[in-house]
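target.tsv follows (TSV, C-alpha atoms):
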```tsv
chain	number	residue	atom	x	y	z
A	189	MET	CA	0.00	0.00	0.00
A	190	VAL	CA	1.32	3.47	-0.85
A	191	PRO	CA	0.06	6.92	0.14
A	192	ASP	CA	-2.07	8.95	-2.22
A	193	LEU	CA	0.18	12.01	-2.44
A	194	VAL	CA	0.21	12.68	-6.16
A	195	TYR	CA	-2.33	15.12	-7.55
A	196	LEU	CA	-3.16	14.25	-11.15
A	197	PRO	CA	0.32	14.02	-12.69
A	198	LYS	CA	0.76	15.75	-16.03
A	199	LEU	CA	3.60	14.04	-17.84
A	200	SER	CA	4.95	16.42	-20.46
A	201	ASN	CA	5.98	14.03	-23.24
A	202	PHE	CA	3.22	13.22	-25.73
A	203	ASN	CA	3.00	9.64	-26.96
A	204	MET	CA	0.54	8.34	-29.53
A	205	THR	CA	-2.33	6.38	-28.01
A	206	THR	CA	-2.13	2.64	-28.54
A	207	ASN	CA	-5.23	0.56	-29.18
A	208	GLU	CA	-4.71	-1.04	-25.78
A	209	GLN	CA	-4.65	2.36	-24.05
A	210	PHE	CA	-7.71	3.44	-26.00
A	211	THR	CA	-9.58	0.34	-24.85
A	212	ILE	CA	-8.80	1.30	-21.25
A	213	LEU	CA	-10.24	4.77	-21.85
A	214	LEU	CA	-13.27	3.29	-23.61
A	215	ASN	CA	-14.02	1.06	-20.61
A	216	ALA	CA	-13.66	3.80	-17.97
A	217	ASN	CA	-16.46	3.48	-15.41
A	218	SER	CA	-17.71	6.96	-16.16
A	219	GLU	CA	-16.83	10.24	-17.75
A	220	HIS	CA	-15.17	12.65	-15.35
A	221	GLU	CA	-13.63	16.10	-15.38
A	222	HIS	CA	-10.63	14.80	-17.35
A	223	LEU	CA	-12.43	12.66	-19.93
A	224	GLU	CA	-15.30	13.43	-22.31
A	225	PHE	CA	-16.78	11.32	-25.14
A	226	LYS	CA	-18.83	12.75	-28.00
A	227	GLU	CA	-20.55	10.82	-30.81
A	228	ALA	CA	-19.95	13.51	-33.49
A	229	LYS	CA	-20.64	11.17	-36.40
A	230	LEU	CA	-20.72	13.86	-39.07
A	231	GLN	CA	-19.48	17.06	-37.45
A	232	PHE	CA	-18.95	18.82	-34.13
A	233	ASN	CA	-19.44	22.41	-33.06
A	234	PHE	CA	-16.15	24.34	-32.92
A	235	ASP	CA	-16.97	27.55	-31.02
A	236	ASN	CA	-20.74	28.11	-30.81
A	237	GLY	CA	-21.62	27.99	-27.11
A	238	ARG	CA	-20.22	26.08	-24.17
A	239	HIS	CA	-20.73	22.60	-25.59
A	240	SER	CA	-18.22	23.15	-28.36
A	241	ILE	CA	-14.60	22.24	-28.98
A	242	LEU	CA	-13.42	25.48	-27.40
A	243	GLY	CA	-15.87	25.17	-24.50
A	244	TYR	CA	-14.67	21.67	-23.62
A	245	CYS	CA	-11.01	22.67	-24.06
A	246	THR	CA	-11.55	25.48	-21.54
A	247	ALA	CA	-13.43	23.38	-18.97
A	248	ILE	CA	-11.08	20.40	-19.15
A	249	ALA	CA	-8.00	22.65	-18.99
A	250	ASN	CA	-9.44	24.31	-15.89
A	251	GLU	CA	-9.61	20.83	-14.32
A	252	ARG	CA	-5.85	20.43	-15.02
A	253	GLY	CA	-6.23	18.80	-18.41
A	254	GLY	CA	-7.57	15.64	-20.01
A	255	LYS	CA	-9.05	14.27	-23.24
A	256	LEU	CA	-12.00	15.01	-25.50
A	257	ILE	CA	-12.76	12.00	-27.72
A	258	LEU	CA	-14.93	12.28	-30.84
A	259	GLY	CA	-16.53	9.29	-32.55
A	260	VAL	CA	-17.63	7.39	-29.45
A	261	THR	CA	-20.98	7.37	-27.65
A	262	ASP	CA	-20.86	8.62	-24.07
A	263	LYS	CA	-23.24	6.11	-22.49
A	264	ILE	CA	-21.93	2.82	-21.10
A	265	PRO	CA	-21.40	0.42	-22.81
A	266	ARG	CA	-19.79	2.88	-25.21
A	267	LYS	CA	-19.88	2.22	-28.93
A	268	ILE	CA	-17.35	3.34	-31.51
A	269	VAL	CA	-19.34	5.04	-34.27
A	270	GLY	CA	-16.49	6.89	-35.96
A	271	THR	CA	-16.44	10.55	-36.92
A	272	LEU	CA	-16.18	12.56	-40.12
A	273	ALA	CA	-15.60	15.80	-38.20
A	274	PHE	CA	-12.50	17.90	-38.81
A	275	ASN	CA	-10.85	16.06	-41.69
A	276	ASP	CA	-7.91	18.48	-41.53
A	277	THR	CA	-6.64	17.88	-38.00
A	278	LYS	CA	-3.63	20.15	-38.45
A	279	LYS	CA	-5.98	23.01	-39.31
A	280	LEU	CA	-8.03	22.15	-36.24
A	281	GLU	CA	-4.89	22.34	-34.10
A	282	ARG	CA	-4.04	25.75	-35.63
A	283	ASP	CA	-7.58	27.06	-35.11
A	284	ILE	CA	-7.62	25.91	-31.49
A	285	PHE	CA	-4.23	27.50	-30.83
A	286	ARG	CA	-5.33	30.76	-32.45
A	287	ARG	CA	-8.40	31.01	-30.20
A	288	PHE	CA	-7.39	28.99	-27.12
A	289	LYS	CA	-3.77	30.23	-27.04
A	290	ARG	CA	-2.55	26.78	-26.04
A	291	LYS	CA	-1.42	23.80	-28.06
A	292	VAL	CA	-3.91	20.95	-28.15
A	293	VAL	CA	-2.64	17.79	-29.85
A	294	VAL	CA	-5.32	16.26	-32.11
A	295	GLU	CA	-4.69	12.58	-32.67
A	296	THR	CA	-6.40	10.40	-35.30
A	297	LEU	CA	-6.85	6.78	-34.23
A	298	LEU	CA	-8.28	3.97	-36.35
A	299	HIS	CA	-9.97	1.53	-34.00
A	300	GLU	CA	-12.00	-1.39	-35.32
A	301	GLY	CA	-11.71	0.27	-38.73
A	302	LYS	CA	-13.40	3.48	-37.57
A	303	ARG	CA	-11.87	6.95	-37.30
A	304	VAL	CA	-11.70	8.42	-33.80
A	305	LEU	CA	-10.28	11.83	-32.86
A	306	ILE	CA	-8.56	12.28	-29.50
A	307	LEU	CA	-7.90	15.84	-28.36
A	308	HIS	CA	-5.16	15.95	-25.73
A	309	ILE	CA	-5.92	19.09	-23.72
A	310	PRO	CA	-3.18	20.52	-21.46
A	311	SER	CA	-3.70	21.94	-17.99
A	312	ARG	CA	-4.34	25.61	-17.42
A	313	PRO	CA	-1.35	27.57	-16.06
A	314	ILE	CA	-0.79	27.66	-12.31
A	315	ALA	CA	-2.99	30.33	-10.63
A	316	GLU	CA	-4.73	31.21	-13.92
A	317	PRO	CA	-8.30	30.09	-14.67
A	318	LEU	CA	-9.28	30.12	-18.34
A	319	GLU	CA	-12.46	31.64	-19.72
A	320	PHE	CA	-14.59	31.08	-22.79
A	321	GLN	CA	-17.08	33.71	-23.93
A	322	GLY	CA	-16.63	35.54	-20.63
A	323	VAL	CA	-17.22	32.48	-18.42
A	324	TYR	CA	-14.71	30.45	-16.38
A	325	LEU	CA	-15.98	26.97	-17.24
A	326	THR	CA	-15.63	23.76	-15.24
A	327	ARG	CA	-16.94	20.22	-15.56
A	328	ALA	CA	-19.81	19.08	-13.35
A	329	LYS	CA	-20.94	15.59	-14.36
A	330	ASP	CA	-22.42	16.03	-17.86
A	331	GLU	CA	-22.58	19.81	-17.63
A	332	LEU	CA	-20.21	22.69	-18.31
A	333	LEU	CA	-20.88	25.27	-15.61
A	334	PRO	CA	-19.36	28.56	-14.41
A	335	MET	CA	-16.78	28.15	-11.66
A	336	SER	CA	-17.89	29.14	-8.18
A	337	GLN	CA	-16.18	31.95	-6.32
A	338	ASP	CA	-14.54	29.39	-4.03
A	339	GLN	CA	-13.13	27.51	-7.04
A	340	LEU	CA	-11.73	30.71	-8.52
A	341	LYS	CA	-10.24	31.80	-5.21
A	342	ALA	CA	-8.53	28.43	-4.80
A	343	ILE	CA	-6.93	28.80	-8.24
A	344	TYR	CA	-5.77	32.38	-7.58
A	345	ASN	CA	-4.30	31.24	-4.25
A	346	GLU	CA	-1.98	28.89	-6.14
A	347	ALA	CA	0.17	31.96	-6.80
A	348	VAL	CA	1.26	31.89	-3.15
A	349	ALA	CA	4.88	30.77	-3.00
A	350	ASP	CA	5.26	27.03	-2.52
A	351	TYR	CA	8.47	26.25	-0.69
A	352	SER	CA	8.26	22.55	-1.52
A	353	ALA	CA	8.36	23.36	-5.26
A	354	GLU	CA	11.68	25.21	-4.96
A	355	VAL	CA	14.92	23.49	-5.92
A	356	HIS	CA	17.58	22.56	-3.37
A	357	THR	CA	20.88	23.91	-4.68
A	358	LYS	CA	22.96	21.26	-2.90
A	359	ALA	CA	20.85	18.23	-3.88
A	360	THR	CA	21.48	15.93	-6.86
A	361	ILE	CA	19.75	12.92	-8.36
A	362	GLU	CA	22.16	10.80	-6.29
A	363	ASP	CA	20.29	11.92	-3.17
A	364	ILE	CA	17.12	10.19	-4.39
A	365	ASP	CA	16.56	6.61	-3.26
A	366	SER	CA	15.93	4.16	-6.11
A	367	LEU	CA	13.51	2.14	-3.98
A	368	ALA	CA	11.44	5.28	-3.34
A	369	ILE	CA	11.20	5.84	-7.10
A	370	LYS	CA	9.94	2.26	-7.55
A	371	ILE	CA	7.26	2.95	-4.94
A	372	LEU	CA	6.37	6.18	-6.74
A	373	ARG	CA	5.97	4.33	-10.04
A	374	THR	CA	3.60	1.88	-8.34
A	375	LEU	CA	1.64	4.79	-6.88
A	376	LEU	CA	1.25	6.44	-10.28
A	377	ILE	CA	0.24	3.24	-12.06
A	378	ASN	CA	-2.24	2.18	-9.38
A	379	SER	CA	-3.78	5.65	-9.18
A	380	GLY	CA	-5.26	5.26	-12.68
A	381	ARG	CA	-4.78	9.00	-13.21
A	382	THR	CA	-2.49	8.75	-16.19
A	383	ASP	CA	-2.38	6.59	-19.29
A	384	LYS	CA	1.27	7.46	-19.92
A	385	PRO	CA	3.72	4.51	-20.13
A	386	ILE	CA	5.28	5.14	-16.72
A	387	ASN	CA	7.63	2.17	-16.89
A	388	ASP	CA	9.03	3.35	-20.24
A	389	LEU	CA	10.49	6.48	-18.61
A	390	ASN	CA	13.89	6.40	-16.92
A	391	ASP	CA	14.09	7.72	-13.35
A	392	LYS	CA	15.32	11.20	-14.24
A	393	GLN	CA	12.71	11.67	-16.98
A	394	LEU	CA	9.90	10.49	-14.69
A	395	LEU	CA	10.90	12.95	-11.96
A	396	THR	CA	11.31	15.72	-14.54
A	397	ASP	CA	7.86	15.09	-16.00
A	398	LEU	CA	6.41	15.31	-12.49
A	399	ASN	CA	8.30	18.57	-11.80
A	400	LEU	CA	10.19	16.89	-8.97
A	401	ILE	CA	13.27	17.78	-10.99
A	402	GLN	CA	13.30	21.20	-12.66
A	403	GLU	CA	15.91	21.93	-15.32
A	404	GLY	CA	18.09	19.22	-13.82
A	405	ASP	CA	17.76	20.45	-10.20
A	406	VAL	CA	16.09	18.44	-7.43
A	407	THR	CA	13.14	20.08	-5.63
A	408	ILE	CA	12.32	20.16	-1.93
A	409	ALA	CA	9.23	18.02	-2.63
A	410	ALA	CA	11.43	15.35	-4.26
A	411	LEU	CA	13.61	15.18	-1.17
A	412	VAL	CA	10.63	15.06	1.21
A	413	LEU	CA	9.12	12.12	-0.66
A	414	LEU	CA	12.10	10.24	-2.08
A	415	ALA	CA	15.41	11.16	-0.38
A	416	LYS	CA	17.85	8.67	1.07
A	417	GLU	CA	18.11	8.71	4.85
A	418	SER	CA	21.65	10.15	4.83
A	419	SER	CA	20.70	12.80	2.27
A	420	LEU	CA	17.61	14.03	4.10
A	421	ALA	CA	19.54	14.28	7.37
A	422	ARG	CA	22.19	16.36	5.59
A	423	LEU	CA	19.98	18.54	3.38
A	424	LEU	CA	16.68	18.92	5.27
A	425	PRO	CA	17.23	17.79	8.86
A	426	PHE	CA	13.95	19.31	10.05
A	427	VAL	CA	11.91	17.18	7.59
A	428	GLU	CA	11.38	14.22	9.86
A	429	ILE	CA	8.59	12.42	11.65
A	430	LYS	CA	9.06	11.77	15.36
A	431	TYR	CA	7.04	8.92	16.82
A	432	GLY	CA	6.52	8.57	20.54
A	433	TYR	CA	4.55	6.12	22.69
A	434	LYS	CA	3.45	6.67	26.28
A	435	THR	CA	0.79	5.06	28.46
A	436	ASP	CA	-1.08	8.37	28.64
A	437	PHE	CA	-0.41	12.00	27.76
A	438	ALA	CA	0.25	12.87	31.41
A	439	GLU	CA	3.60	11.05	31.27
A	440	MET	CA	6.58	13.35	30.86
A	441	ARG	CA	8.73	10.98	28.81
A	442	ASN	CA	8.00	8.60	25.97
A	443	GLN	CA	8.36	4.89	26.66
A	444	ASP	CA	9.31	4.41	23.03
A	445	THR	CA	10.72	6.93	20.54
A	446	VAL	CA	11.60	6.53	16.85
A	447	ILE	CA	12.70	9.24	14.42
A	448	TYR	CA	11.97	8.67	10.72
A	449	ARG	CA	14.39	10.79	8.72
A	450	LYS	CA	14.15	9.59	5.13
A	451	GLY	CA	11.87	10.05	2.14
A	452	TYR	CA	8.27	9.64	3.25
A	453	LEU	CA	7.54	6.90	0.74
A	454	LEU	CA	10.33	4.87	2.34
A	455	CYS	CA	8.98	5.07	5.90
A	456	TYR	CA	5.25	5.07	5.16
A	457	ASP	CA	4.78	1.37	5.89
A	458	GLU	CA	7.36	1.33	8.70
A	459	LEU	CA	5.48	4.04	10.56
A	460	TRP	CA	2.16	2.22	10.39
A	461	GLN	CA	3.82	-1.03	11.52
A	462	LYS	CA	5.21	0.83	14.53
A	463	VAL	CA	1.77	2.19	15.39
A	464	ASP	CA	0.18	-1.22	14.93
A	465	SER	CA	2.74	-2.89	17.20
A	466	ARG	CA	1.25	-0.84	20.06
A	467	ASN	CA	-2.33	-1.17	18.82
A	468	LEU	CA	-4.65	-2.79	21.32
A	469	THR	CA	-7.21	-5.33	20.13
A	470	LEU	CA	-10.66	-4.83	21.63
A	471	ASN	CA	-13.29	-7.55	22.03
A	472	ILE	CA	-16.66	-6.03	21.15
A	473	GLN	CA	-19.84	-7.98	21.81
A	474	GLN	CA	-22.56	-7.67	19.18
A	475	GLY	CA	-25.53	-9.74	20.22
A	476	LEU	CA	-24.25	-13.28	20.76
A	477	LEU	CA	-21.10	-12.66	18.77
A	478	ILE	CA	-17.81	-11.18	19.94
A	479	THR	CA	-15.78	-9.43	17.26
A	480	GLU	CA	-12.23	-8.12	17.42
A	481	LYS	CA	-11.44	-4.53	16.53
A	482	LYS	CA	-8.20	-2.56	16.71
A	483	THR	CA	-8.16	0.65	18.74
A	484	PHE	CA	-6.75	2.58	15.78
A	485	ALA	CA	-7.95	1.74	12.25
A	486	GLU	CA	-5.19	1.45	9.67
A	487	GLU	CA	-6.91	3.49	6.98
A	488	SER	CA	-7.67	6.38	9.33
A	489	ILE	CA	-4.16	6.55	10.79
A	490	ARG	CA	-2.46	6.37	7.40
A	491	GLU	CA	-4.72	9.12	6.04
A	492	ALA	CA	-4.07	11.35	9.05
A	493	ILE	CA	-0.28	11.04	8.67
A	494	ASN	CA	-0.54	11.58	4.90
A	495	ASN	CA	-2.42	14.81	5.56
A	496	ALA	CA	0.25	15.95	8.01
A	497	VAL	CA	2.95	15.47	5.36
A	498	ILE	CA	0.93	17.09	2.56
A	499	HIS	CA	-0.41	20.04	4.54
A	500	ARG	CA	2.51	20.95	6.79
A	501	ASP	CA	4.24	24.27	6.23
A	502	TYR	CA	7.72	23.47	4.90
A	503	ASP	CA	8.91	26.99	5.71
A	504	GLU	CA	8.72	25.97	9.37
A	505	LYS	CA	11.90	24.28	10.64
A	506	GLU	CA	10.08	21.82	12.88
A	507	SER	CA	9.25	18.13	12.83
A	508	ILE	CA	5.95	16.32	12.51
A	509	MET	CA	5.16	14.79	15.90
A	510	VAL	CA	3.16	11.55	16.20
A	511	THR	CA	2.20	10.57	19.74
A	512	GLN	CA	0.32	7.37	20.60
A	513	THR	CA	-1.17	6.16	23.88
A	514	GLN	CA	-3.36	3.16	24.64
A	515	LYS	CA	-6.50	5.15	23.88
A	516	ASP	CA	-5.45	8.33	22.07
A	517	PHE	CA	-3.54	9.37	18.98
A	518	MET	CA	-2.20	12.86	18.30
A	519	ILE	CA	-0.38	14.34	15.29
A	520	SER	CA	1.24	17.76	15.46
A	521	SER	CA	2.15	19.27	12.08
A	522	PRO	CA	4.12	22.54	11.70
A	523	GLY	CA	2.23	25.58	10.42
A	524	GLY	CA	-1.28	26.93	10.70
A	525	LEU	CA	-4.22	26.63	8.33
A	526	PRO	CA	-3.47	27.40	4.67
A	527	GLU	CA	-4.85	30.62	3.21
A	528	GLY	CA	-8.56	30.28	2.46
A	529	VAL	CA	-9.09	27.43	4.95
A	530	THR	CA	-10.80	28.28	8.25
A	531	LEU	CA	-12.19	26.36	11.22
A	532	ASN	CA	-15.64	26.85	9.70
A	533	ASN	CA	-14.89	25.45	6.22
A	534	MET	CA	-11.99	23.06	6.84
A	535	ILE	CA	-14.22	19.97	6.51
A	536	ASP	CA	-15.17	20.90	2.94
A	537	ARG	CA	-12.03	22.78	1.85
A	538	SER	CA	-8.66	21.20	1.17
A	539	LYS	CA	-5.49	22.99	0.11
A	540	PRO	CA	-2.33	20.86	0.11
A	541	ARG	CA	0.94	22.71	0.56
A	542	MET	CA	2.84	20.05	-1.38
A	543	TRP	CA	2.04	19.62	-5.07
A	544	ILE	CA	3.51	17.37	-7.73
A	545	ARG	CA	2.48	19.18	-10.87
```

In structure tokens, what does this structure look like?
Amino acid sequence: MVPDLVYLPKLSNFNMTTNEQFTILLNANSEHEHLEFKEAKLQFNFDNGRHSILGYCTAIANERGGKLILGVTDKIPRKIVGTLAFNDTKKLERDIFRRFKRKVVVETLLHEGKRVLILHIPSRPIAEPLEFQGVYLTRAKDELLPMSQDQLKAIYNEAVADYSAEVHTKATIEDIDSLAIKILRTLLINSGRTDKPINDLNDKQLLTDLNLIQEGDVTIAALVLLAKESSLARLLPFVEIKYGYKTDFAEMRNQDTVIYRKGYLLCYDELWQKVDSRNLTLNIQQGLLITEKKTFAEESIREAINNAVIHRDYDEKESIMVTQTQKDFMISSPGGLPEGVTLNNMIDRSKPRMWIR
């Protein structure tokens, strides 16, 4: 099991879609904000209203990119009907660029002898929502709707400096643990958020495509997630997780203390195993049956620690503190609430401080 720390990776290299990859897209459980199917047997609207090529390009880009596929029905089970729309795909690319101001790759795929068009739509820029005909569009199930004020504010807030995205001038690719990269590959593949051939990319290219390496330099986020133990202790000694166990919080000293000072993906399982080694098993009677239940549920504890790593303020030179007793569990993460998140809206609002873009 690996933590869900990656937010919709956008790998920069474009590769032609294989029939196998297309079949995976075709069998997706549902359309979502990154994937839209349109029948478009004969033609498709280019710019007249929201439900047009330009409207969908805008909405999907605002959701950090995805695909618009013409020549396929949208209802499950989807059928390939083929499309005669936009015979000159290079002209379509030029027309989109002229109006949309961003390059959209238009791919022609012959599947089961029928012509399908796949528009590969890139993400909007960081902190910049895109508009079409005066409206900032977003996907909402089958609809294209105006963004809410909260959605727009969240995008504008992305302009706030992100320390984790900065490069570390003394770090090199040699400071990244190869095992952590293997775990990261597994995370990306299992997430189902990209159809890119992850295993075809070498380590440096993978990290570059995820912006964990920028122009050859290693970022803070790369070290937090993937660094060797010796490298993290040397380069970012405050990026550590301190675990302590005591019978109750009234005790002055921990009975057990462990410091995890290596890339988070490397200690993710170790930390849970440590928690579980002190986890009491309770016998709960339900009617005539007695069932066993752990004091601390694995999924909840893992999620809580994930959130501490994602949402901590990396400008603060302090450690994440995890304290466990027989009955209680406490996590202390450096930094206050991110901008735009309050005690009143924190249940519904989420703003990670660490992004892999």

Discussion item. One number please: CA of Leu332 in chain A to CA of Val260 in chain A, in Å, one decimal.
Written reply: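 For CA of Leu332 in chain A relative to CA of Val260 in chain A, the distance reads 19.1 Å.
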
Discussion item. So, with all atoms listed in the file as the atoms that count, which of A:Glu458, A:Ile364, A:Leu242, A:Thr205 lies closest to Arg490 in chain A?
Written reply: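 Answer, going by the shortest atom-to-atom distance: A:Glu458.
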
Discussion item. Using all atoms listed in the file, which protein or nucleic acid residues come within 8 Å of Asn250 in chain A? Drop anything in the same chain fewer than 5 positions from it, and give the result as a list of chain:residue names.
Written reply: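 Here the answer would be A:Ser311, A:Arg312, A:Pro317, A:Leu318, A:Leu325, A:Thr326.
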
Could the residues in this selection be saved with C-alpha atoms as a short mmCIF file (atom, residue, chain, number, x, y, z; two decimals), in the coordinates of the input?
```cif
data_model
loop_
_atom_site.label_atom_id
_atom_site.label_comp_id
_atom_site.auth_asym_id
_atom_site.auth_seq_id
_atom_site.Cartn_x
_atom_site.Cartn_y
_atom_site.Cartn_z
CA SER A 311 -3.70 21.94 -17.99
CA ARG A 312 -4.34 25.61 -17.42
CA PRO A 317 -8.30 30.09 -14.67
CA LEU A 318 -9.28 30.12 -18.34
CA LEU A 325 -15.98 26.97 -17.24
CA THR A 326 -15.63 23.76 -15.24
#
```

Fill in: Length of the CA of Lys229 in chain A to CA of Asn207 in chain A vector [Å]
20.1 Å

Fill in: Exercise: Val269 in chain A partners within 12 Å, all atoms listed in the file, chain neighbours under 6 positions left out, as an MDAnalysis selection string
chainID A and resid 225:230 257:262 298:305

Item to complete: Go ahead and compute the interatomic distance for CA of Asp283 in chain A and CA of Gly254 in chain A, in Å to one decimal.
Response: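 Taking CA of Asp283 in chain A as the start and CA of Gly254 in chain A as the end point, the length is 18.9 Å.
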
Report as a tab-separated table the residues of range 405-439 of chain A within 8 Å of range 507-513 of chain A, each with its shortest atom pair and distance in Å (one decimal), using all atoms listed in the file, ordered by chain and increasing residue number.
```
residue	atom	partner	partner_atom	distance
A:Phe426	CA	A:Ser507	CA	5.6
A:Val427	CA	A:Ser507	CA	6.0
A:Glu428	CA	A:Ser507	CA	5.4
A:Ile429	CA	A:Ile508	CA	4.8
A:Lys430	CA	A:Met509	CA	5.0
A:Tyr431	CA	A:Val510	CA	4.7
A:Gly432	CA	A:Thr511	CA	4.8
A:Tyr433	CA	A:Gln512	CA	4.9
A:Lys434	CA	A:Thr513	CA	5.2
A:Thr435	CA	A:Thr513	CA	5.1
A:Asp436	CA	A:Thr513	CA	5.2
A:Phe437	CA	A:Thr513	CA	7.1
```

Fill in: Residue nearest Gln231 in chain A among A:Ser521, A:Asn217, A:Thr357, A:Thr271 (counting all atoms listed in the file)
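Of A:Ser521, A:Asn217, A:Thr357, A:Thr271, the one nearest Gln231 in chain A is A:Thr271, counting all atoms listed in the file.
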
Fill in: Nearest to Tyr324 in chain A by atom-to-atom distance, counting all atoms listed in the file, from A:Val293, A:Leu414, A:Ile241, A:Leu340
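The closest residue to Tyr324 in chain A is A:Leu340.
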
Practice prompt. Tell me, as a ChimeraX atom specification, which residues lie within 12 Å of Gln461 in chain A, counting all atoms listed in the file; anything in the same chain fewer than 4 positions away does not count.
Written response: /A:431,455-457,465-467,484,486,489-490

Discussion item. Applying 10 Å and only C-alpha atoms, which residues near Gly253 in chain A remain after dropping the ones on its own chain fewer than 2 positions away? List them as a ChimeraX atom specification.
Written reply: /A:196-198,221-223,245-251,255-256,308-312

Item to complete: Please provide as a count of residues only all residues within 8 Å of Leu470 in chain A, with the sequence filter that same-chain residues fewer than 6 positions apart are discarded (counting only C-alpha atoms).
Response: 4
